[in-house]
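Enquirer: Have a look at the structure that comes next, please.
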Amino acid sequence: MSHQLLSRALVSINWLSGALKTPGPALRVLDASFYYPAIRDGRKEYEEKHIPGALYFDIDECKDLSSPYEVMLPSEPNFAKYVGNLGINNESHVVVYDADQVGIYYAARVWWMFRVFGHKKVSVLDGGFRNWEKQGLPVTCEVAKPQPETYQAVLNPSMVKKFEDIEKSLRTKDFQLVDSRPEGRFKGTDPEPGGVITPGHIPGSLSLPFTSFLTSEGFEKSPDEIRNLFQEKGIDLSKPLTVTCRRGVTACQLALASYILGKEDTAIYDGSWFEWFHRAKPENKITF
């Protein structure tokens, strides 16, 4: 699978390596490495080595800085300004990767952010920086200085669920709700990182950890394997689906997986468990 152009959402390492040999203004590569808790410094590691031509996308900067919750979407103007300063316009083909050991982690969040703001040409690098290095491909410490571009962002609200939407769905069952965190945090047998909130889950949600969709080498699993993972949990991809996690990051992995199968309308609960923990009524939280 790692040697194929899997879909519009995934590009292989070989594809990107070839595309960078004759790079054009339409291709923009972003390093979205970020770590929580801060056991590693994504920006520092980017400055030390990254894919040639890649720019750093800081998820902790490109968010709603006024929100008390962890990683909420920025406004349309702020997203447009941020990505425009990275030399990206609405016609750019954006390829996102990160350096996490699992292969694909925060890259899926940035992929989803571009999609939610109306960008069509955005892909994730299958296997990530881990496998780029493993294949002995070039890296650099040189940081490119792009010419700012004009970017227009238009939010698609159907792809984002708010607290009130989840609260209503507890009664109406408007959509399937799936939690992408590790099962131990969902069930309360493992703590939440950082110690600020306790583990648990939203009533009625199903547990499907995001790592289930990745091979041990860090590549996305095959479409058939992805389909089976959803089916085994009783998730019907022909019906509305919303994904949650701790902060709206790994949830985007499931949006990516479902997109590969042709489902382009999977929504993300942006505030996820962190917001729900702080705002939901006690009877609407299963905590441990």
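For the structure tokens, the naming scheme is as follows: chains receive sequential letters (A, B, ...) according to their order of presentation, residues are indexed from 1 within each chain, and ligands are indexed from 1 in presentation order.
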Could you write out, as a PDB file with N, CA and C atoms, in the first residue's frame, all the residues of region 12-232 of chain A that DSSP marks as helix (DSSP H, G or I)?

Expert:
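So the final result, stored in result_39.pdb, reads:
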```pdb
ATOM      1  N   ILE A  13       5.060   7.939  -0.289  1.00  0.00           N
ATOM      2  CA  ILE A  13       6.390   8.526  -0.169  1.00  0.00           C
ATOM      3  C   ILE A  13       7.061   8.593  -1.531  1.00  0.00           C
ATOM      4  N   ASN A  14       6.902   7.546  -2.331  1.00  0.00           N
ATOM      5  CA  ASN A  14       7.490   7.551  -3.669  1.00  0.00           C
ATOM      6  C   ASN A  14       6.903   8.666  -4.530  1.00  0.00           C
ATOM      7  N   TRP A  15       5.599   8.867  -4.408  1.00  0.00           N
ATOM      8  CA  TRP A  15       4.954   9.929  -5.197  1.00  0.00           C
ATOM      9  C   TRP A  15       5.521  11.285  -4.817  1.00  0.00           C
ATOM     10  N   LEU A  16       5.605  11.566  -3.505  1.00  0.00           N
ATOM     11  CA  LEU A  16       6.092  12.875  -3.074  1.00  0.00           C
ATOM     12  C   LEU A  16       7.561  13.051  -3.442  1.00  0.00           C
ATOM     13  N   SER A  17       8.340  12.002  -3.295  1.00  0.00           N
ATOM     14  CA  SER A  17       9.751  12.082  -3.663  1.00  0.00           C
ATOM     15  C   SER A  17       9.904  12.462  -5.124  1.00  0.00           C
ATOM     16  N   GLY A  18       9.082  11.859  -5.971  1.00  0.00           N
ATOM     17  CA  GLY A  18       9.133  12.183  -7.392  1.00  0.00           C
ATOM     18  C   GLY A  18       8.656  13.591  -7.679  1.00  0.00           C
ATOM     19  N   ALA A  19       7.583  14.003  -6.997  1.00  0.00           N
ATOM     20  CA  ALA A  19       7.035  15.340  -7.223  1.00  0.00           C
ATOM     21  C   ALA A  19       8.008  16.428  -6.806  1.00  0.00           C
ATOM     22  N   GLY A  42       8.052  19.689  18.439  1.00  0.00           N
ATOM     23  CA  GLY A  42       7.848  19.522  17.004  1.00  0.00           C
ATOM     24  C   GLY A  42       8.523  20.586  16.169  1.00  0.00           C
ATOM     25  N   ARG A  43       8.433  21.830  16.588  1.00  0.00           N
ATOM     26  CA  ARG A  43       9.047  22.908  15.809  1.00  0.00           C
ATOM     27  C   ARG A  43      10.571  22.781  15.810  1.00  0.00           C
ATOM     28  N   LYS A  44      11.135  22.476  16.972  1.00  0.00           N
ATOM     29  CA  LYS A  44      12.588  22.338  17.069  1.00  0.00           C
ATOM     30  C   LYS A  44      13.079  21.197  16.183  1.00  0.00           C
ATOM     31  N   GLU A  45      12.370  20.080  16.205  1.00  0.00           N
ATOM     32  CA  GLU A  45      12.756  18.945  15.374  1.00  0.00           C
ATOM     33  C   GLU A  45      12.629  19.294  13.886  1.00  0.00           C
ATOM     34  N   TYR A  46      11.587  20.055  13.546  1.00  0.00           N
ATOM     35  CA  TYR A  46      11.435  20.502  12.160  1.00  0.00           C
ATOM     36  C   TYR A  46      12.632  21.338  11.743  1.00  0.00           C
ATOM     37  N   GLU A  47      13.051  22.252  12.597  1.00  0.00           N
ATOM     38  CA  GLU A  47      14.178  23.129  12.263  1.00  0.00           C
ATOM     39  C   GLU A  47      15.475  22.346  12.115  1.00  0.00           C
ATOM     40  N   GLU A  48      15.564  21.203  12.772  1.00  0.00           N
ATOM     41  CA  GLU A  48      16.765  20.374  12.675  1.00  0.00           C
ATOM     42  C   GLU A  48      16.770  19.518  11.413  1.00  0.00           C
ATOM     43  N   GLU A  76     -12.465  31.760  10.033  1.00  0.00           N
ATOM     44  CA  GLU A  76     -12.128  31.755   8.605  1.00  0.00           C
ATOM     45  C   GLU A  76     -11.007  32.750   8.287  1.00  0.00           C
ATOM     46  N   PRO A  77     -11.107  34.015   8.732  1.00  0.00           N
ATOM     47  CA  PRO A  77     -10.031  34.970   8.419  1.00  0.00           C
ATOM     48  C   PRO A  77      -8.679  34.552   8.997  1.00  0.00           C
ATOM     49  N   ASN A  78      -8.673  34.007  10.200  1.00  0.00           N
ATOM     50  CA  ASN A  78      -7.397  33.631  10.817  1.00  0.00           C
ATOM     51  C   ASN A  78      -6.766  32.431  10.126  1.00  0.00           C
ATOM     52  N   PHE A  79      -7.598  31.467   9.728  1.00  0.00           N
ATOM     53  CA  PHE A  79      -7.053  30.330   8.986  1.00  0.00           C
ATOM     54  C   PHE A  79      -6.506  30.810   7.643  1.00  0.00           C
ATOM     55  N   ALA A  80      -7.262  31.661   6.962  1.00  0.00           N
ATOM     56  CA  ALA A  80      -6.839  32.163   5.655  1.00  0.00           C
ATOM     57  C   ALA A  80      -5.517  32.917   5.754  1.00  0.00           C
ATOM     58  N   LYS A  81      -5.379  33.734   6.763  1.00  0.00           N
ATOM     59  CA  LYS A  81      -4.137  34.496   6.945  1.00  0.00           C
ATOM     60  C   LYS A  81      -2.978  33.566   7.246  1.00  0.00           C
ATOM     61  N   TYR A  82      -3.212  32.580   8.111  1.00  0.00           N
ATOM     62  CA  TYR A  82      -2.138  31.677   8.524  1.00  0.00           C
ATOM     63  C   TYR A  82      -1.616  30.886   7.328  1.00  0.00           C
ATOM     64  N   VAL A  83      -2.510  30.258   6.573  1.00  0.00           N
ATOM     65  CA  VAL A  83      -2.039  29.423   5.472  1.00  0.00           C
ATOM     66  C   VAL A  83      -1.564  30.272   4.292  1.00  0.00           C
ATOM     67  N   GLY A  84      -2.146  31.459   4.131  1.00  0.00           N
ATOM     68  CA  GLY A  84      -1.658  32.356   3.088  1.00  0.00           C
ATOM     69  C   GLY A  84      -0.214  32.748   3.319  1.00  0.00           C
ATOM     70  N   ALA A 107      -0.996  15.072  11.332  1.00  0.00           N
ATOM     71  CA  ALA A 107      -1.194  15.382   9.911  1.00  0.00           C
ATOM     72  C   ALA A 107      -2.654  15.257   9.525  1.00  0.00           C
ATOM     73  N   ALA A 108      -3.351  14.274  10.095  1.00  0.00           N
ATOM     74  CA  ALA A 108      -4.759  14.084   9.764  1.00  0.00           C
ATOM     75  C   ALA A 108      -5.602  15.266  10.228  1.00  0.00           C
ATOM     76  N   ARG A 109      -5.238  15.867  11.356  1.00  0.00           N
ATOM     77  CA  ARG A 109      -5.955  17.048  11.841  1.00  0.00           C
ATOM     78  C   ARG A 109      -5.807  18.205  10.855  1.00  0.00           C
ATOM     79  N   VAL A 110      -4.600  18.438  10.369  1.00  0.00           N
ATOM     80  CA  VAL A 110      -4.383  19.536   9.425  1.00  0.00           C
ATOM     81  C   VAL A 110      -5.097  19.241   8.111  1.00  0.00           C
ATOM     82  N   TRP A 111      -5.054  17.991   7.656  1.00  0.00           N
ATOM     83  CA  TRP A 111      -5.809  17.584   6.455  1.00  0.00           C
ATOM     84  C   TRP A 111      -7.282  17.946   6.616  1.00  0.00           C
ATOM     85  N   TRP A 112      -7.851  17.610   7.780  1.00  0.00           N
ATOM     86  CA  TRP A 112      -9.263  17.895   8.022  1.00  0.00           C
ATOM     87  C   TRP A 112      -9.517  19.400   8.099  1.00  0.00           C
ATOM     88  N   MET A 113      -8.624  20.151   8.712  1.00  0.00           N
ATOM     89  CA  MET A 113      -8.798  21.593   8.797  1.00  0.00           C
ATOM     90  C   MET A 113      -8.892  22.220   7.410  1.00  0.00           C
ATOM     91  N   PHE A 114      -7.998  21.807   6.515  1.00  0.00           N
ATOM     92  CA  PHE A 114      -8.074  22.338   5.154  1.00  0.00           C
ATOM     93  C   PHE A 114      -9.413  21.972   4.509  1.00  0.00           C
ATOM     94  N   ARG A 115      -9.833  20.738   4.691  1.00  0.00           N
ATOM     95  CA  ARG A 115     -11.090  20.305   4.108  1.00  0.00           C
ATOM     96  C   ARG A 115     -12.278  21.072   4.686  1.00  0.00           C
ATOM     97  N   VAL A 116     -12.293  21.292   5.989  1.00  0.00           N
ATOM     98  CA  VAL A 116     -13.423  21.958   6.618  1.00  0.00           C
ATOM     99  C   VAL A 116     -13.521  23.413   6.173  1.00  0.00           C
ATOM    100  N   GLY A 128       4.305   8.921   6.821  1.00  0.00           N
ATOM    101  CA  GLY A 128       4.904  10.036   7.518  1.00  0.00           C
ATOM    102  C   GLY A 128       6.419  10.140   7.404  1.00  0.00           C
ATOM    103  N   PHE A 129       6.967  11.056   8.202  1.00  0.00           N
ATOM    104  CA  PHE A 129       8.406  11.334   8.173  1.00  0.00           C
ATOM    105  C   PHE A 129       9.216  10.128   8.633  1.00  0.00           C
ATOM    106  N   ARG A 130       8.641   9.339   9.523  1.00  0.00           N
ATOM    107  CA  ARG A 130       9.307   8.128  10.005  1.00  0.00           C
ATOM    108  C   ARG A 130       9.751   7.249   8.842  1.00  0.00           C
ATOM    109  N   ASN A 131       8.864   7.043   7.906  1.00  0.00           N
ATOM    110  CA  ASN A 131       9.184   6.162   6.785  1.00  0.00           C
ATOM    111  C   ASN A 131       9.927   6.880   5.661  1.00  0.00           C
ATOM    112  N   TRP A 132       9.763   8.196   5.590  1.00  0.00           N
ATOM    113  CA  TRP A 132      10.571   8.981   4.651  1.00  0.00           C
ATOM    114  C   TRP A 132      12.057   8.791   4.995  1.00  0.00           C
ATOM    115  N   GLU A 133      12.387   8.933   6.266  1.00  0.00           N
ATOM    116  CA  GLU A 133      13.768   8.728   6.710  1.00  0.00           C
ATOM    117  C   GLU A 133      14.198   7.274   6.551  1.00  0.00           C
ATOM    118  N   LYS A 134      13.314   6.361   6.855  1.00  0.00           N
ATOM    119  CA  LYS A 134      13.637   4.937   6.768  1.00  0.00           C
ATOM    120  C   LYS A 134      14.039   4.543   5.356  1.00  0.00           C
ATOM    121  N   PRO A 157     -19.940  24.104   7.848  1.00  0.00           N
ATOM    122  CA  PRO A 157     -20.393  23.812   9.219  1.00  0.00           C
ATOM    123  C   PRO A 157     -20.898  22.386   9.403  1.00  0.00           C
ATOM    124  N   SER A 158     -21.256  21.703   8.325  1.00  0.00           N
ATOM    125  CA  SER A 158     -21.754  20.341   8.458  1.00  0.00           C
ATOM    126  C   SER A 158     -20.665  19.367   8.887  1.00  0.00           C
ATOM    127  N   MET A 159     -19.401  19.772   8.736  1.00  0.00           N
ATOM    128  CA  MET A 159     -18.284  18.899   9.096  1.00  0.00           C
ATOM    129  C   MET A 159     -17.803  19.099  10.531  1.00  0.00           C
ATOM    130  N   PHE A 163     -20.815  21.397  20.997  1.00  0.00           N
ATOM    131  CA  PHE A 163     -21.312  20.794  22.234  1.00  0.00           C
ATOM    132  C   PHE A 163     -22.817  20.583  22.181  1.00  0.00           C
ATOM    133  N   GLU A 164     -23.533  21.598  21.706  1.00  0.00           N
ATOM    134  CA  GLU A 164     -24.994  21.528  21.669  1.00  0.00           C
ATOM    135  C   GLU A 164     -25.481  20.429  20.732  1.00  0.00           C
ATOM    136  N   ASP A 165     -24.740  20.188  19.639  1.00  0.00           N
ATOM    137  CA  ASP A 165     -25.117  19.122  18.706  1.00  0.00           C
ATOM    138  C   ASP A 165     -25.006  17.754  19.373  1.00  0.00           C
ATOM    139  N   ILE A 166     -23.934  17.555  20.141  1.00  0.00           N
ATOM    140  CA  ILE A 166     -23.736  16.273  20.818  1.00  0.00           C
ATOM    141  C   ILE A 166     -24.781  16.105  21.918  1.00  0.00           C
ATOM    142  N   GLU A 167     -25.043  17.167  22.648  1.00  0.00           N
ATOM    143  CA  GLU A 167     -26.041  17.127  23.715  1.00  0.00           C
ATOM    144  C   GLU A 167     -27.408  16.745  23.157  1.00  0.00           C
ATOM    145  N   LYS A 168     -27.775  17.344  22.040  1.00  0.00           N
ATOM    146  CA  LYS A 168     -29.060  17.027  21.403  1.00  0.00           C
ATOM    147  C   LYS A 168     -29.100  15.582  20.928  1.00  0.00           C
ATOM    148  N   SER A 169     -27.979  15.099  20.405  1.00  0.00           N
ATOM    149  CA  SER A 169     -27.951  13.745  19.838  1.00  0.00           C
ATOM    150  C   SER A 169     -28.141  12.659  20.881  1.00  0.00           C
ATOM    151  N   LEU A 170     -27.893  12.993  22.153  1.00  0.00           N
ATOM    152  CA  LEU A 170     -28.140  12.020  23.217  1.00  0.00           C
ATOM    153  C   LEU A 170     -29.609  11.626  23.253  1.00  0.00           C
ATOM    154  N   ARG A 171     -30.483  12.575  22.844  1.00  0.00           N
ATOM    155  CA  ARG A 171     -31.921  12.306  22.819  1.00  0.00           C
ATOM    156  C   ARG A 171     -32.397  11.830  21.449  1.00  0.00           C
ATOM    157  N   THR A 172     -31.888  12.477  20.413  1.00  0.00           N
ATOM    158  CA  THR A 172     -32.440  12.259  19.076  1.00  0.00           C
ATOM    159  C   THR A 172     -31.729  11.185  18.263  1.00  0.00           C
ATOM    160  N   GLU A 183      -8.531   2.613  23.912  1.00  0.00           N
ATOM    161  CA  GLU A 183      -9.662   2.029  24.624  1.00  0.00           C
ATOM    162  C   GLU A 183      -9.556   2.186  26.138  1.00  0.00           C
ATOM    163  N   GLY A 184      -8.331   2.173  26.670  1.00  0.00           N
ATOM    164  CA  GLY A 184      -8.157   2.320  28.107  1.00  0.00           C
ATOM    165  C   GLY A 184      -8.660   3.650  28.627  1.00  0.00           C
ATOM    166  N   ARG A 185      -8.485   4.708  27.867  1.00  0.00           N
ATOM    167  CA  ARG A 185      -8.979   6.025  28.271  1.00  0.00           C
ATOM    168  C   ARG A 185     -10.495   6.101  28.118  1.00  0.00           C
ATOM    169  N   PHE A 186     -11.025   5.437  27.119  1.00  0.00           N
ATOM    170  CA  PHE A 186     -12.471   5.365  26.908  1.00  0.00           C
ATOM    171  C   PHE A 186     -13.132   4.633  28.069  1.00  0.00           C
ATOM    172  N   LYS A 187     -12.531   3.524  28.503  1.00  0.00           N
ATOM    173  CA  LYS A 187     -13.106   2.690  29.558  1.00  0.00           C
ATOM    174  C   LYS A 187     -12.693   3.117  30.966  1.00  0.00           C
ATOM    175  N   PRO A 193      -3.861  12.041  29.387  1.00  0.00           N
ATOM    176  CA  PRO A 193      -2.565  12.737  29.451  1.00  0.00           C
ATOM    177  C   PRO A 193      -2.695  14.103  30.128  1.00  0.00           C
ATOM    178  N   GLY A 194      -1.695  14.454  30.893  1.00  0.00           N
ATOM    179  CA  GLY A 194      -1.655  15.777  31.506  1.00  0.00           C
ATOM    180  C   GLY A 194      -2.319  15.875  32.862  1.00  0.00           C
ATOM    181  N   GLY A 195      -3.200  14.924  33.177  1.00  0.00           N
ATOM    182  CA  GLY A 195      -3.825  14.897  34.484  1.00  0.00           C
ATOM    183  C   GLY A 195      -4.863  15.966  34.754  1.00  0.00           C
ATOM    184  N   PHE A 210      -7.823   5.121  16.979  1.00  0.00           N
ATOM    185  CA  PHE A 210      -7.290   5.538  15.691  1.00  0.00           C
ATOM    186  C   PHE A 210      -6.133   4.677  15.230  1.00  0.00           C
ATOM    187  N   THR A 211      -5.369   4.123  16.175  1.00  0.00           N
ATOM    188  CA  THR A 211      -4.222   3.298  15.790  1.00  0.00           C
ATOM    189  C   THR A 211      -4.648   2.004  15.106  1.00  0.00           C
ATOM    190  N   SER A 212      -5.924   1.644  15.234  1.00  0.00           N
ATOM    191  CA  SER A 212      -6.425   0.436  14.563  1.00  0.00           C
ATOM    192  C   SER A 212      -6.291   0.542  13.053  1.00  0.00           C
ATOM    193  N   PHE A 213      -6.253   1.766  12.540  1.00  0.00           N
ATOM    194  CA  PHE A 213      -6.234   1.985  11.097  1.00  0.00           C
ATOM    195  C   PHE A 213      -4.826   2.040  10.522  1.00  0.00           C
ATOM    196  N   PRO A 223      -8.029  -0.388   2.108  1.00  0.00           N
ATOM    197  CA  PRO A 223      -9.461  -0.077   2.169  1.00  0.00           C
ATOM    198  C   PRO A 223     -10.300  -1.230   2.716  1.00  0.00           C
ATOM    199  N   ASP A 224      -9.983  -2.465   2.336  1.00  0.00           N
ATOM    200  CA  ASP A 224     -10.743  -3.610   2.841  1.00  0.00           C
ATOM    201  C   ASP A 224     -10.582  -3.753   4.352  1.00  0.00           C
ATOM    202  N   GLU A 225      -9.364  -3.560   4.841  1.00  0.00           N
ATOM    203  CA  GLU A 225      -9.125  -3.645   6.279  1.00  0.00           C
ATOM    204  C   GLU A 225      -9.845  -2.521   7.016  1.00  0.00           C
ATOM    205  N   ILE A 226      -9.824  -1.326   6.438  1.00  0.00           N
ATOM    206  CA  ILE A 226     -10.517  -0.182   7.037  1.00  0.00           C
ATOM    207  C   ILE A 226     -12.018  -0.448   7.106  1.00  0.00           C
ATOM    208  N   ARG A 227     -12.569  -0.951   6.018  1.00  0.00           N
ATOM    209  CA  ARG A 227     -14.002  -1.259   5.975  1.00  0.00           C
ATOM    210  C   ARG A 227     -14.371  -2.276   7.047  1.00  0.00           C
ATOM    211  N   ASN A 228     -13.539  -3.285   7.208  1.00  0.00           N
ATOM    212  CA  ASN A 228     -13.814  -4.309   8.218  1.00  0.00           C
ATOM    213  C   ASN A 228     -13.792  -3.739   9.633  1.00  0.00           C
ATOM    214  N   LEU A 229     -12.894  -2.793   9.890  1.00  0.00           N
ATOM    215  CA  LEU A 229     -12.819  -2.190  11.216  1.00  0.00           C
ATOM    216  C   LEU A 229     -14.117  -1.470  11.568  1.00  0.00           C
ATOM    217  N   PHE A 230     -14.661  -0.743  10.612  1.00  0.00           N
ATOM    218  CA  PHE A 230     -15.940  -0.068  10.850  1.00  0.00           C
ATOM    219  C   PHE A 230     -17.063  -1.085  11.014  1.00  0.00           C
ATOM    220  N   GLN A 231     -17.091  -2.086  10.160  1.00  0.00           N
ATOM    221  CA  GLN A 231     -18.155  -3.080  10.205  1.00  0.00           C
ATOM    222  C   GLN A 231     -18.147  -3.873  11.500  1.00  0.00           C
ATOM    223  N   GLU A 232     -16.961  -4.193  11.990  1.00  0.00           N
ATOM    224  CA  GLU A 232     -16.861  -4.971  13.229  1.00  0.00           C
ATOM    225  C   GLU A 232     -17.439  -4.223  14.426  1.00  0.00           C
TER     226      GLU A 232
END
```

Enquirer: Going by DSSP on the backbone, which bits of region 19-126 of chain A are strand (DSSP E or B)? Write them as a list in words, please.

Expert: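 Selecting the strand (DSSP E or B) positions of region 19-126 of chain A gives Leu27, Arg28, Val29, Leu30, Asp31, His50, Leu55, Tyr56, His93, Val94, Val95, Val96, Tyr97, Val122, Ser123, Val124 and Leu125 of chain A.
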
Enquirer: Env of region 22-36 of chain A: 6 Å cut, atoms = only C-alpha atoms, seq-sep filter 3 positions within chain, self excluded. Answer as a list in words.

Expert: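 Near region 22-36 of chain A, the qualifying residues are Ala19, Gly42, Ala54, Leu55, Tyr56, Phe57, Ser92, His93, Val94, Val95, Val96, Tyr97, Asp98, Ala99 and Ala107 of chain A.
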
Enquirer: Go ahead and dump the residues you just picked, N, CA and C atoms, as a tab-separated table (two decimals), in the first residue's frame.

Expert:
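And here is the file that came out, selection-v1.tsv:
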```
chain	number	residue	atom	x	y	z
A	19	ALA	N	7.58	14.00	-7.00
A	19	ALA	CA	7.03	15.34	-7.22
A	19	ALA	C	8.01	16.43	-6.81
A	42	GLY	N	8.05	19.69	18.44
A	42	GLY	CA	7.85	19.52	17.00
A	42	GLY	C	8.52	20.59	16.17
A	54	ALA	N	9.55	21.72	2.86
A	54	ALA	CA	8.42	21.70	3.79
A	54	ALA	C	8.45	22.91	4.72
A	55	LEU	N	7.27	23.39	5.07
A	55	LEU	CA	7.12	24.46	6.03
A	55	LEU	C	6.43	23.92	7.27
A	56	TYR	N	6.62	24.58	8.40
A	56	TYR	CA	6.06	24.09	9.65
A	56	TYR	C	4.66	24.66	9.87
A	57	PHE	N	3.70	23.77	10.11
A	57	PHE	CA	2.33	24.17	10.43
A	57	PHE	C	2.14	23.93	11.92
A	92	SER	N	-3.44	25.44	-4.48
A	92	SER	CA	-2.27	24.66	-4.06
A	92	SER	C	-2.67	23.22	-3.75
A	93	HIS	N	-1.77	22.28	-4.08
A	93	HIS	CA	-1.91	20.91	-3.60
A	93	HIS	C	-1.08	20.82	-2.33
A	94	VAL	N	-1.77	20.69	-1.20
A	94	VAL	CA	-1.11	20.66	0.10
A	94	VAL	C	-0.91	19.20	0.52
A	95	VAL	N	0.32	18.86	0.87
A	95	VAL	CA	0.64	17.52	1.39
A	95	VAL	C	1.15	17.69	2.81
A	96	VAL	N	0.51	16.99	3.75
A	96	VAL	CA	0.82	17.15	5.17
A	96	VAL	C	1.42	15.87	5.73
A	97	TYR	N	2.43	16.03	6.57
A	97	TYR	CA	3.00	14.87	7.26
A	97	TYR	C	3.35	15.27	8.68
A	98	ASP	N	3.69	14.28	9.51
A	98	ASP	CA	4.27	14.57	10.82
A	98	ASP	C	5.30	13.51	11.13
A	99	ALA	N	6.03	13.71	12.21
A	99	ALA	CA	7.16	12.83	12.55
A	99	ALA	C	6.86	11.89	13.70
A	107	ALA	N	-1.00	15.07	11.33
A	107	ALA	CA	-1.19	15.38	9.91
A	107	ALA	C	-2.65	15.26	9.52
```

Enquirer: Determine the nearest neighbour of Gly127 (chain A) from the options A:Phe219, A:Tyr69, A:Tyr269, A:Phe274, counting only C-alpha atoms.

Expert: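 Closest residue, counting only C-alpha atoms: A:Phe219.
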
Enquirer: Rounded to one decimal place, report the CA of Val196 (chain A)-CA of Ser67 (chain A) distance in Å.

Expert: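 If I compute the distance from CA of Val196 (chain A) to CA of Ser67 (chain A), I get 16.3 Å.
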
Enquirer: Tell me which protein, DNA and RNA residues are within 12 Å of Gly234 (chain A), counting only C-alpha atoms, leaving out same-chain ones fewer than 6 positions away, and put them as an NGL selection string.

Expert: :A and (176-178 or 205-208 or 227-228 or 241)

Enquirer: Selected residues, C-alpha atoms, written as a compact mmCIF listing (two decimals), in the first residue's frame, please.

Expert:
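Written output follows (out_24.txt):
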```
# COMPACT_ATOMS: atom_id res chain seq x y z
CA GLN A 176 -23.44 7.62 15.19
CA LEU A 177 -20.80 8.80 17.65
CA VAL A 178 -17.38 7.12 17.69
CA SER A 205 -20.40 6.48 21.88
CA LEU A 206 -18.44 3.54 20.47
CA SER A 207 -14.71 2.96 20.97
CA LEU A 208 -12.58 2.58 17.83
CA ARG A 227 -14.00 -1.26 5.97
CA ASN A 228 -13.81 -4.31 8.22
CA LEU A 241 -21.13 9.74 11.55
```

Enquirer: By how many Å are CA of Val11 (chain A) and CA of Leu125 (chain A) apart?

Expert: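 Distance between the two atoms: 5.2 Å.
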
Enquirer: Kindly give the distance, in Å, that separates CA of Glu91 (chain A) and CA of Glu149 (chain A), rounded to a single decimal.

Expert: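 Spanning CA of Glu91 (chain A) to CA of Glu149 (chain A) is a straight-line distance of 10.7 Å.
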
Enquirer: Show me, as a list in words, the residues that have an atom within 8 Å of Thr266 (chain A) when counting only C-alpha atoms, minus same-chain residues fewer than 4 positions from it.

Expert: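 Counting only C-alpha atoms, the residues come to Met159, Pro240, Leu241, Thr242, Val243, Ala255, Ser258 and Tyr259 of chain A.
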
Enquirer: Mind dumping the selected residues with all heavy atoms as a compact mmCIF listing (two decimals), in the first residue's frame?

Expert:
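So part_34.txt came out as:
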```txt
# COMPACT_ATOMS: atom_id res chain seq x y z
N MET A 159 -19.40 19.77 8.74
CA MET A 159 -18.28 18.90 9.10
C MET A 159 -17.80 19.10 10.53
O MET A 159 -16.88 18.43 10.98
CB MET A 159 -17.11 19.12 8.14
CG MET A 159 -17.40 18.68 6.71
SD MET A 159 -16.03 19.07 5.59
CE MET A 159 -14.71 18.10 6.33
N PRO A 240 -25.14 9.10 8.94
CA PRO A 240 -24.32 10.18 9.53
C PRO A 240 -23.39 9.65 10.63
O PRO A 240 -23.77 8.81 11.45
CB PRO A 240 -25.37 11.14 10.10
CG PRO A 240 -26.58 10.92 9.26
CD PRO A 240 -26.57 9.45 8.94
N LEU A 241 -22.16 10.18 10.62
CA LEU A 241 -21.13 9.74 11.55
C LEU A 241 -20.39 10.96 12.09
O LEU A 241 -19.99 11.85 11.33
CB LEU A 241 -20.15 8.80 10.85
CG LEU A 241 -18.90 8.36 11.62
CD1 LEU A 241 -19.29 7.55 12.84
CD2 LEU A 241 -17.96 7.56 10.71
N THR A 242 -20.20 10.99 13.40
CA THR A 242 -19.40 12.02 14.06
C THR A 242 -18.34 11.32 14.91
O THR A 242 -18.62 10.31 15.55
CB THR A 242 -20.27 12.92 14.95
OG1 THR A 242 -21.22 13.62 14.13
CG2 THR A 242 -19.43 13.94 15.70
N VAL A 243 -17.14 11.88 14.90
CA VAL A 243 -16.04 11.28 15.65
C VAL A 243 -15.55 12.26 16.71
O VAL A 243 -15.44 13.47 16.47
CB VAL A 243 -14.88 10.88 14.72
CG1 VAL A 243 -13.88 10.01 15.49
CG2 VAL A 243 -15.38 10.12 13.49
N ALA A 255 -11.94 10.24 10.26
CA ALA A 255 -12.49 10.97 9.13
C ALA A 255 -11.70 10.66 7.87
O ALA A 255 -12.26 10.47 6.78
CB ALA A 255 -12.48 12.47 9.41
N SER A 258 -12.55 7.02 6.76
CA SER A 258 -13.86 6.92 6.11
C SER A 258 -13.85 7.60 4.75
O SER A 258 -14.53 7.17 3.82
CB SER A 258 -14.95 7.50 7.01
OG SER A 258 -14.75 8.89 7.26
N TYR A 259 -13.05 8.67 4.62
CA TYR A 259 -12.93 9.38 3.34
C TYR A 259 -12.33 8.46 2.29
O TYR A 259 -12.74 8.47 1.12
CB TYR A 259 -12.07 10.62 3.53
CG TYR A 259 -11.99 11.53 2.33
CD1 TYR A 259 -12.86 12.61 2.19
CD2 TYR A 259 -11.03 11.33 1.33
CE1 TYR A 259 -12.78 13.46 1.10
CE2 TYR A 259 -10.95 12.16 0.23
CZ TYR A 259 -11.83 13.23 0.12
OH TYR A 259 -11.75 14.06 -0.97
```

Enquirer: Give me, as a ChimeraX atom specification, all polymer residues having an atom no more than 10 Å from Arg181 (chain A), counting only C-alpha atoms and skipping those fewer than 6 positions away in the same chain.

Expert: /A:192,201,207-211,244-247,249-251,273
